[in-house]
$ cat protein.pdb   # PDB, C-alpha atoms
ATOM      1  CA  MET A  89     -17.980  11.008  48.590  1.00  0.00           C
ATOM      2  CA  PRO A  90     -18.357   9.655  45.040  1.00  0.00           C
ATOM      3  CA  LYS A  91     -20.197   6.394  44.610  1.00  0.00           C
ATOM      4  CA  PRO A  92     -17.948   3.491  43.503  1.00  0.00           C
ATOM      5  CA  PRO A  93     -18.465   2.406  39.896  1.00  0.00           C
ATOM      6  CA  ASP A  94     -20.964  -0.360  39.244  1.00  0.00           C
ATOM      7  CA  GLU A  95     -19.981  -3.685  37.684  1.00  0.00           C
ATOM      8  CA  LEU A  96     -21.018  -2.637  34.167  1.00  0.00           C
ATOM      9  CA  THR A  97     -18.887   0.523  34.376  1.00  0.00           C
ATOM     10  CA  ARG A  98     -15.892  -1.518  35.560  1.00  0.00           C
ATOM     11  CA  GLU A  99     -16.410  -3.934  32.677  1.00  0.00           C
ATOM     12  CA  ILE A 100     -16.591  -1.121  30.100  1.00  0.00           C
ATOM     13  CA  VAL A 101     -13.457   0.541  31.486  1.00  0.00           C
ATOM     14  CA  GLY A 102     -11.749  -2.867  31.361  1.00  0.00           C
ATOM     15  CA  LEU A 103     -12.746  -3.211  27.712  1.00  0.00           C
ATOM     16  CA  PHE A 104     -11.240   0.207  26.932  1.00  0.00           C
ATOM     17  CA  ALA A 105      -8.009  -0.964  28.570  1.00  0.00           C
ATOM     18  CA  ALA A 106      -8.040  -4.267  26.654  1.00  0.00           C
ATOM     19  CA  ILE A 107      -8.580  -2.480  23.329  1.00  0.00           C
ATOM     20  CA  ASN A 108      -5.738  -0.088  24.120  1.00  0.00           C
ATOM     21  CA  ARG A 109      -3.426  -3.003  25.079  1.00  0.00           C
ATOM     22  CA  ARG A 110      -4.225  -4.918  21.899  1.00  0.00           C
ATOM     23  CA  TYR A 111      -3.681  -1.819  19.749  1.00  0.00           C
ATOM     24  CA  THR A 112      -0.404  -1.017  21.493  1.00  0.00           C
ATOM     25  CA  GLN A 113       0.963  -4.570  21.395  1.00  0.00           C
ATOM     26  CA  GLU A 114       0.153  -5.004  17.720  1.00  0.00           C
ATOM     27  CA  SER A 115       1.613  -1.594  16.816  1.00  0.00           C
ATOM     28  CA  GLU A 116       4.785  -2.199  18.808  1.00  0.00           C
ATOM     29  CA  ALA A 117       5.322  -5.661  17.329  1.00  0.00           C
ATOM     30  CA  ALA A 118       4.868  -4.399  13.749  1.00  0.00           C
ATOM     31  CA  ALA A 119       7.141  -1.383  14.306  1.00  0.00           C
ATOM     32  CA  THR A 120       9.853  -3.468  15.949  1.00  0.00           C
ATOM     33  CA  THR A 121      10.183  -5.681  12.869  1.00  0.00           C
ATOM     34  CA  HIS A 122      11.420  -2.585  11.019  1.00  0.00           C
ATOM     35  CA  ASP A 123      13.497  -1.165  13.898  1.00  0.00           C
ATOM     36  CA  LEU A 124      10.957   1.626  14.379  1.00  0.00           C
ATOM     37  CA  THR A 125       9.135   2.954  17.394  1.00  0.00           C
ATOM     38  CA  PRO A 126       5.320   2.910  17.259  1.00  0.00           C
ATOM     39  CA  LEU A 127       5.331   6.711  16.770  1.00  0.00           C
ATOM     40  CA  GLN A 128       7.786   6.434  13.894  1.00  0.00           C
ATOM     41  CA  ALA A 129       5.602   3.756  12.314  1.00  0.00           C
ATOM     42  CA  LYS A 130       2.487   5.914  12.726  1.00  0.00           C
ATOM     43  CA  ALA A 131       4.313   8.893  11.216  1.00  0.00           C
ATOM     44  CA  LEU A 132       5.443   6.791   8.260  1.00  0.00           C
ATOM     45  CA  LEU A 133       1.878   5.615   7.682  1.00  0.00           C
ATOM     46  CA  ALA A 134       0.802   9.274   7.554  1.00  0.00           C
ATOM     47  CA  THR A 135       3.236  10.104   4.724  1.00  0.00           C
ATOM     48  CA  GLU A 136       2.053   7.987   1.819  1.00  0.00           C
ATOM     49  CA  ASP A 137       0.945  11.166   0.083  1.00  0.00           C
ATOM     50  CA  PRO A 138       3.091  14.289   0.559  1.00  0.00           C
ATOM     51  CA  VAL A 139       1.851  15.914   3.740  1.00  0.00           C
ATOM     52  CA  PRO A 140       2.904  18.986   5.754  1.00  0.00           C
ATOM     53  CA  MET A 141       4.783  18.251   8.968  1.00  0.00           C
ATOM     54  CA  ARG A 142       1.980  19.933  10.938  1.00  0.00           C
ATOM     55  CA  ARG A 143      -0.518  17.358   9.637  1.00  0.00           C
ATOM     56  CA  ILE A 144       1.730  14.544  10.847  1.00  0.00           C
ATOM     57  CA  ALA A 145       1.876  16.214  14.279  1.00  0.00           C
ATOM     58  CA  GLU A 146      -1.930  16.317  14.348  1.00  0.00           C
ATOM     59  CA  ARG A 147      -2.172  12.616  13.465  1.00  0.00           C
ATOM     60  CA  LEU A 148       0.331  11.739  16.196  1.00  0.00           C
ATOM     61  CA  HIS A 149      -1.250  14.107  18.726  1.00  0.00           C
ATOM     62  CA  ALA A 150       2.252  15.522  19.211  1.00  0.00           C
ATOM     63  CA  GLU A 151       3.969  18.883  19.155  1.00  0.00           C
ATOM     64  CA  PRO A 152       5.402  19.770  15.732  1.00  0.00           C
ATOM     65  CA  SER A 153       8.878  20.206  17.253  1.00  0.00           C
ATOM     66  CA  ASN A 154       8.775  16.600  18.505  1.00  0.00           C
ATOM     67  CA  VAL A 155       7.713  15.364  15.082  1.00  0.00           C
ATOM     68  CA  THR A 156      10.872  16.854  13.575  1.00  0.00           C
ATOM     69  CA  VAL A 157      12.976  14.323  15.499  1.00  0.00           C
ATOM     70  CA  ILE A 158      10.736  11.460  14.353  1.00  0.00           C
ATOM     71  CA  ILE A 159      10.920  12.565  10.715  1.00  0.00           C
ATOM     72  CA  ASP A 160      14.702  13.034  11.012  1.00  0.00           C
ATOM     73  CA  ARG A 161      15.014   9.359  12.000  1.00  0.00           C
ATOM     74  CA  LEU A 162      12.741   8.182   9.177  1.00  0.00           C
ATOM     75  CA  GLU A 163      14.624  10.336   6.692  1.00  0.00           C
ATOM     76  CA  SER A 164      18.025   9.036   7.826  1.00  0.00           C
ATOM     77  CA  SER A 165      16.675   5.500   7.316  1.00  0.00           C
ATOM     78  CA  GLY A 166      15.635   6.364   3.758  1.00  0.00           C
ATOM     79  CA  LEU A 167      11.932   5.902   4.467  1.00  0.00           C
ATOM     80  CA  VAL A 168      10.760   9.488   3.887  1.00  0.00           C
ATOM     81  CA  GLU A 169      11.981  12.612   2.160  1.00  0.00           C
ATOM     82  CA  ARG A 170      11.220  16.272   2.775  1.00  0.00           C
ATOM     83  CA  SER A 171      10.523  18.893   0.163  1.00  0.00           C
ATOM     84  CA  PRO A 172       9.275  22.468   0.170  1.00  0.00           C
ATOM     85  CA  ASP A 173       5.531  22.896  -0.307  1.00  0.00           C
ATOM     86  CA  PRO A 174       4.946  24.330  -3.803  1.00  0.00           C
ATOM     87  CA  GLY A 175       2.327  26.741  -2.431  1.00  0.00           C
ATOM     88  CA  ASP A 176       4.357  27.947   0.570  1.00  0.00           C
ATOM     89  CA  ARG A 177       8.093  27.345   0.577  1.00  0.00           C
ATOM     90  CA  ARG A 178       8.199  27.908   4.372  1.00  0.00           C
ATOM     91  CA  VAL A 179       6.225  24.680   4.794  1.00  0.00           C
ATOM     92  CA  LYS A 180       8.029  21.360   4.568  1.00  0.00           C
ATOM     93  CA  ARG A 181       6.134  18.413   3.123  1.00  0.00           C
ATOM     94  CA  VAL A 182       7.080  14.845   3.915  1.00  0.00           C
ATOM     95  CA  ALA A 183       6.490  11.895   1.610  1.00  0.00           C
ATOM     96  CA  ALA A 184       7.338   8.228   1.895  1.00  0.00           C
ATOM     97  CA  THR A 185      10.029   6.988  -0.432  1.00  0.00           C
ATOM     98  CA  THR A 186       9.620   3.772  -2.392  1.00  0.00           C
ATOM     99  CA  ALA A 187      11.263   1.937   0.526  1.00  0.00           C
ATOM    100  CA  GLY A 188       8.975   3.772   2.956  1.00  0.00           C
ATOM    101  CA  ARG A 189       5.851   2.762   1.037  1.00  0.00           C
ATOM    102  CA  SER A 190       7.030  -0.841   1.111  1.00  0.00           C
ATOM    103  CA  VAL A 191       7.569  -0.697   4.889  1.00  0.00           C
ATOM    104  CA  ALA A 192       4.175   1.009   5.340  1.00  0.00           C
ATOM    105  CA  ALA A 193       2.454  -1.769   3.408  1.00  0.00           C
ATOM    106  CA  ASP A 194       4.148  -4.372   5.582  1.00  0.00           C
ATOM    107  CA  LEU A 195       3.184  -2.479   8.753  1.00  0.00           C
ATOM    108  CA  ARG A 196      -0.462  -2.440   7.680  1.00  0.00           C
ATOM    109  CA  ALA A 197      -0.353  -6.165   6.944  1.00  0.00           C
ATOM    110  CA  ARG A 198       1.128  -6.875  10.391  1.00  0.00           C
ATOM    111  CA  MET A 199      -1.422  -4.812  12.316  1.00  0.00           C
ATOM    112  CA  PRO A 200      -4.929  -5.485  11.048  1.00  0.00           C
ATOM    113  CA  PHE A 201      -6.522  -4.577  14.386  1.00  0.00           C
ATOM    114  CA  ALA A 202      -4.519  -1.387  14.948  1.00  0.00           C
ATOM    115  CA  ALA A 203      -5.039  -0.286  11.340  1.00  0.00           C
ATOM    116  CA  ASP A 204      -8.830  -0.307  11.785  1.00  0.00           C
ATOM    117  CA  PRO A 205      -9.974  -1.258  15.285  1.00  0.00           C
ATOM    118  CA  LEU A 206     -13.539  -0.204  14.503  1.00  0.00           C
ATOM    119  CA  ALA A 207     -13.844  -2.444  11.425  1.00  0.00           C
ATOM    120  CA  PRO A 208     -16.547  -4.673  12.984  1.00  0.00           C
ATOM    121  CA  LEU A 209     -18.845  -1.663  13.494  1.00  0.00           C
ATOM    122  CA  THR A 210     -21.294  -0.240  10.982  1.00  0.00           C
ATOM    123  CA  ALA A 211     -21.115   3.429  10.061  1.00  0.00           C
ATOM    124  CA  GLN A 212     -24.078   4.125  12.361  1.00  0.00           C
ATOM    125  CA  GLN A 213     -22.454   2.265  15.253  1.00  0.00           C
ATOM    126  CA  ARG A 214     -19.273   4.297  14.759  1.00  0.00           C
ATOM    127  CA  GLU A 215     -21.256   7.529  14.853  1.00  0.00           C
ATOM    128  CA  ASN A 216     -23.078   6.385  18.004  1.00  0.00           C
ATOM    129  CA  LEU A 217     -19.788   5.420  19.648  1.00  0.00           C
ATOM    130  CA  ARG A 218     -18.260   8.788  18.769  1.00  0.00           C
ATOM    131  CA  GLU A 219     -21.229  10.611  20.304  1.00  0.00           C
ATOM    132  CA  LEU A 220     -21.080   8.505  23.468  1.00  0.00           C
ATOM    133  CA  LEU A 221     -17.332   9.023  23.869  1.00  0.00           C
ATOM    134  CA  GLN A 222     -17.775  12.767  23.362  1.00  0.00           C
ATOM    135  CA  LEU A 223     -20.428  12.789  26.103  1.00  0.00           C
ATOM    136  CA  ILE A 224     -17.998  11.040  28.459  1.00  0.00           C
ATOM    137  CA  LEU A 225     -15.204  13.522  27.696  1.00  0.00           C
ATOM    138  CA  GLU A 226     -17.494  16.524  28.105  1.00  0.00           C
ATOM    139  CA  ALA A 227     -18.799  15.394  31.513  1.00  0.00           C
TER     140      ALA A 227
END

$ encode --input "protein.pdb" --output "C-alpha cells"
Amino acid sequence: MPKPPDELTREIVGLFAAINRRYTQESEAAATTHDLTPLQAKALLATEDPVPMRRIAERLHAEPSNVTVIIDRLESSGLVERSPDPGDRRVKRVAATTAGRSVAADLRARMPFAADPLAPLTAQQRENLRELLQLILEA
C-alpha cells in the first residue's frame, strides 16, 4: 500500500492547485470582458504574427480540428483573418486583425499573472523548475 503524502508534498500540490486557480480565474475574467472563452483568448494571443493553424493547436494543446471551430468564432467576430501560406498554399495562416491586436493588448493588460506566471523567477530558477517538473512527469 502506498505511503500517504507528507505535509510538504501536500503543501506543494496545494500550491500547484492555487497557481492553476489563479491562472484560470484571471484568464476567464479577461476573456469574458470580450465575450470570449479562455481558449479563444489564448488562440487570439497566439496570432499576433501570421501563424499556421497547427502552431495554434500546439499552443492550445488541442487537436487541429478543434482549433478550426475556435478560429471560426474569432474570424466571425472580426478578430482574426485566414490566408494561404505563401510557401504552401495547403496551409492556412491566421493573423490578428487590427481589432484583434487591440483586444489582445487589452487581454494582456488584464491578466498580468496569466501572461507570465513565472515572472518572479530568474532564468536559472525557471530552468531548475522545468527540470524538476520533468522528473515528476517521468516518474

$ resolve_selection --input "protein.pdb" --expression "the PyMOL selection byres ((chain A and resi 102-114) around 9)" --output "JSON, numbers by chain"
{"A": [97, 98, 99, 100, 101, 115, 116, 117, 118, 119, 126, 198, 199, 200, 201, 202, 203, 205]}

$ write_last_selection --input "protein.pdb" --atoms "C-alpha atoms" --output "mmCIF file, in the frame of the given file"
data_model
loop_
_atom_site.group_PDB
_atom_site.id
_atom_site.type_symbol
_atom_site.label_atom_id
_atom_site.label_comp_id
_atom_site.auth_asym_id
_atom_site.auth_seq_id
_atom_site.Cartn_x
_atom_site.Cartn_y
_atom_site.Cartn_z
ATOM 1 C CA THR A 97 -18.887 0.523 34.376
ATOM 2 C CA ARG A 98 -15.892 -1.518 35.560
ATOM 3 C CA GLU A 99 -16.410 -3.934 32.677
ATOM 4 C CA ILE A 100 -16.591 -1.121 30.100
ATOM 5 C CA VAL A 101 -13.457 0.541 31.486
ATOM 6 C CA SER A 115 1.613 -1.594 16.816
ATOM 7 C CA GLU A 116 4.785 -2.199 18.808
ATOM 8 C CA ALA A 117 5.322 -5.661 17.329
ATOM 9 C CA ALA A 118 4.868 -4.399 13.749
ATOM 10 C CA ALA A 119 7.141 -1.383 14.306
ATOM 11 C CA PRO A 126 5.320 2.910 17.259
ATOM 12 C CA ARG A 198 1.128 -6.875 10.391
ATOM 13 C CA MET A 199 -1.422 -4.812 12.316
ATOM 14 C CA PRO A 200 -4.929 -5.485 11.048
ATOM 15 C CA PHE A 201 -6.522 -4.577 14.386
ATOM 16 C CA ALA A 202 -4.519 -1.387 14.948
ATOM 17 C CA ALA A 203 -5.039 -0.286 11.340
ATOM 18 C CA PRO A 205 -9.974 -1.258 15.285
#

$ atom_distance --input "protein.pdb" --atom1 "atom CA of Glu215 of chain A" --atom2 "atom CA of Lys130 of chain A"
23.9 Å

$ residues_around --input "protein.pdb" --residues "segment 157-161 of chain A" --least-positions-apart "3" --cutoff "10 Å" --atoms "all atoms listed in the file" --output "count of residues only"
20

$ resolve_selection --input "protein.pdb" --expression "the PyMOL selection byres ((chain A and resi 172) around 12)" --output "PDB file with C-alpha atoms, keeping the file's coordinate frame"
ATOM      1  CA  PRO A 138       3.091  14.289   0.559  1.00  0.00           C
ATOM      2  CA  VAL A 139       1.851  15.914   3.740  1.00  0.00           C
ATOM      3  CA  PRO A 140       2.904  18.986   5.754  1.00  0.00           C
ATOM      4  CA  MET A 141       4.783  18.251   8.968  1.00  0.00           C
ATOM      5  CA  GLU A 169      11.981  12.612   2.160  1.00  0.00           C
ATOM      6  CA  ARG A 170      11.220  16.272   2.775  1.00  0.00           C
ATOM      7  CA  SER A 171      10.523  18.893   0.163  1.00  0.00           C
ATOM      8  CA  ASP A 173       5.531  22.896  -0.307  1.00  0.00           C
ATOM      9  CA  PRO A 174       4.946  24.330  -3.803  1.00  0.00           C
ATOM     10  CA  GLY A 175       2.327  26.741  -2.431  1.00  0.00           C
ATOM     11  CA  ASP A 176       4.357  27.947   0.570  1.00  0.00           C
ATOM     12  CA  ARG A 177       8.093  27.345   0.577  1.00  0.00           C
ATOM     13  CA  ARG A 178       8.199  27.908   4.372  1.00  0.00           C
ATOM     14  CA  VAL A 179       6.225  24.680   4.794  1.00  0.00           C
ATOM     15  CA  LYS A 180       8.029  21.360   4.568  1.00  0.00           C
ATOM     16  CA  ARG A 181       6.134  18.413   3.123  1.00  0.00           C
ATOM     17  CA  VAL A 182       7.080  14.845   3.915  1.00  0.00           C
ATOM     18  CA  ALA A 183       6.490  11.895   1.610  1.00  0.00           C
TER      19      ALA A 183
END

$ atom_distance --input "protein.pdb" --atom1 "atom CA of Thr186 of chain A" --atom2 "atom CA of Glu151 of chain A"
26.9 Å

$ atom_distance --input "protein.pdb" --atom1 "atom CA of Ala134 of chain A" --atom2 "atom CA of Leu220 of chain A"
27.1 Å

$ resolve_selection --input "protein.pdb" --expression "the PyMOL selection byres ((chain A and resi 189) around 10)" --output "PyMOL selection string"
chain A and resi 132-133+135-137+167-168+183-188+190-195

$ axis_aligned_box --input "protein.pdb" --around "segment 161-178 of chain A" --padding-each-side "4 Å" --output "AutoDock Vina command-line options"
--center_x 10.2 --center_y 16.7 --center_z 4.1 --size_x 23.7 --size_y 30.4 --size_z 23.8

$ decode --input "protein.pdb" --residues "segment 164-177 of chain A" --atoms "all heavy atoms" --output "compact mmCIF listing (two decimals), in the first residue's frame"
# COMPACT_ATOMS: atom_id res chain seq x y z
N SER A 164 -15.33 35.23 -37.30
CA SER A 164 -16.67 35.81 -37.44
C SER A 164 -16.83 37.06 -36.58
O SER A 164 -17.66 37.92 -36.88
CB SER A 164 -17.75 34.78 -37.10
OG SER A 164 -17.77 34.50 -35.72
N SER A 165 -16.01 37.19 -35.55
CA SER A 165 -16.02 38.39 -34.70
C SER A 165 -15.10 39.48 -35.24
O SER A 165 -14.98 40.55 -34.63
CB SER A 165 -15.59 38.03 -33.28
OG SER A 165 -16.49 37.13 -32.71
N GLY A 166 -14.40 39.20 -36.33
CA GLY A 166 -13.52 40.19 -36.93
C GLY A 166 -12.18 40.34 -36.22
O GLY A 166 -11.48 41.34 -36.41
N LEU A 167 -11.82 39.35 -35.41
CA LEU A 167 -10.58 39.45 -34.63
C LEU A 167 -9.38 38.82 -35.32
O LEU A 167 -8.23 39.18 -35.02
CB LEU A 167 -10.78 38.85 -33.24
CG LEU A 167 -11.86 39.52 -32.40
CD1 LEU A 167 -12.05 38.77 -31.08
CD2 LEU A 167 -11.54 40.98 -32.15
N VAL A 168 -9.61 37.87 -36.22
CA VAL A 168 -8.53 37.24 -36.97
C VAL A 168 -8.97 37.08 -38.42
O VAL A 168 -10.16 37.15 -38.74
CB VAL A 168 -8.12 35.86 -36.40
CG1 VAL A 168 -7.65 35.95 -34.96
CG2 VAL A 168 -9.22 34.83 -36.56
N GLU A 169 -7.98 36.85 -39.27
CA GLU A 169 -8.27 36.52 -40.67
C GLU A 169 -7.33 35.40 -41.10
O GLU A 169 -6.22 35.29 -40.61
CB GLU A 169 -8.15 37.75 -41.56
CG GLU A 169 -6.81 38.44 -41.49
CD GLU A 169 -6.82 39.80 -42.16
OE1 GLU A 169 -7.90 40.28 -42.57
OE2 GLU A 169 -5.74 40.39 -42.26
N ARG A 170 -7.84 34.58 -42.00
CA ARG A 170 -7.04 33.47 -42.54
C ARG A 170 -6.54 33.83 -43.93
O ARG A 170 -7.20 34.55 -44.67
CB ARG A 170 -7.90 32.22 -42.66
CG ARG A 170 -8.34 31.65 -41.36
CD ARG A 170 -9.23 30.46 -41.62
NE ARG A 170 -10.32 30.52 -40.67
CZ ARG A 170 -10.98 29.49 -40.24
NH1 ARG A 170 -10.71 28.30 -40.68
NH2 ARG A 170 -11.94 29.63 -39.36
N SER A 171 -5.38 33.27 -44.24
CA SER A 171 -4.83 33.44 -45.59
C SER A 171 -3.98 32.22 -45.90
O SER A 171 -3.47 31.56 -44.99
CB SER A 171 -4.00 34.72 -45.67
OG SER A 171 -2.91 34.65 -44.79
N PRO A 172 -3.81 31.93 -47.20
CA PRO A 172 -2.95 30.81 -47.55
C PRO A 172 -1.49 31.14 -47.23
O PRO A 172 -1.06 32.28 -47.35
CB PRO A 172 -3.14 30.64 -49.05
CG PRO A 172 -4.05 31.72 -49.50
CD PRO A 172 -4.44 32.55 -48.33
N ASP A 173 -0.75 30.13 -46.80
CA ASP A 173 0.68 30.30 -46.54
C ASP A 173 1.38 30.48 -47.89
O ASP A 173 1.17 29.69 -48.80
CB ASP A 173 1.22 29.06 -45.82
CG ASP A 173 2.65 29.22 -45.38
OD1 ASP A 173 3.53 29.38 -46.27
OD2 ASP A 173 2.91 29.18 -44.17
N PRO A 174 2.22 31.52 -48.03
CA PRO A 174 2.88 31.73 -49.32
C PRO A 174 3.78 30.56 -49.75
O PRO A 174 3.95 30.32 -50.94
CB PRO A 174 3.72 32.99 -49.12
CG PRO A 174 3.38 33.53 -47.79
CD PRO A 174 2.56 32.53 -47.05
N GLY A 175 4.32 29.84 -48.78
CA GLY A 175 5.21 28.72 -49.10
C GLY A 175 4.48 27.42 -49.36
O GLY A 175 5.05 26.51 -49.97
N ASP A 176 3.25 27.29 -48.90
CA ASP A 176 2.48 26.05 -49.06
C ASP A 176 0.99 26.42 -49.00
O ASP A 176 0.44 26.58 -47.92
CB ASP A 176 2.85 25.06 -47.96
CG ASP A 176 2.18 23.70 -48.13
OD1 ASP A 176 1.25 23.58 -48.96
OD2 ASP A 176 2.57 22.77 -47.41
N ARG A 177 0.38 26.53 -50.15
CA ARG A 177 -1.00 27.01 -50.22
C ARG A 177 -1.99 26.06 -49.54
O ARG A 177 -3.13 26.43 -49.30
CB ARG A 177 -1.40 27.29 -51.66
CG ARG A 177 -0.56 28.44 -52.23
CD ARG A 177 -0.99 28.89 -53.60
NE ARG A 177 -2.36 29.33 -53.72
CZ ARG A 177 -2.83 30.51 -53.34
NH1 ARG A 177 -2.02 31.37 -52.76
NH2 ARG A 177 -4.08 30.83 -53.53
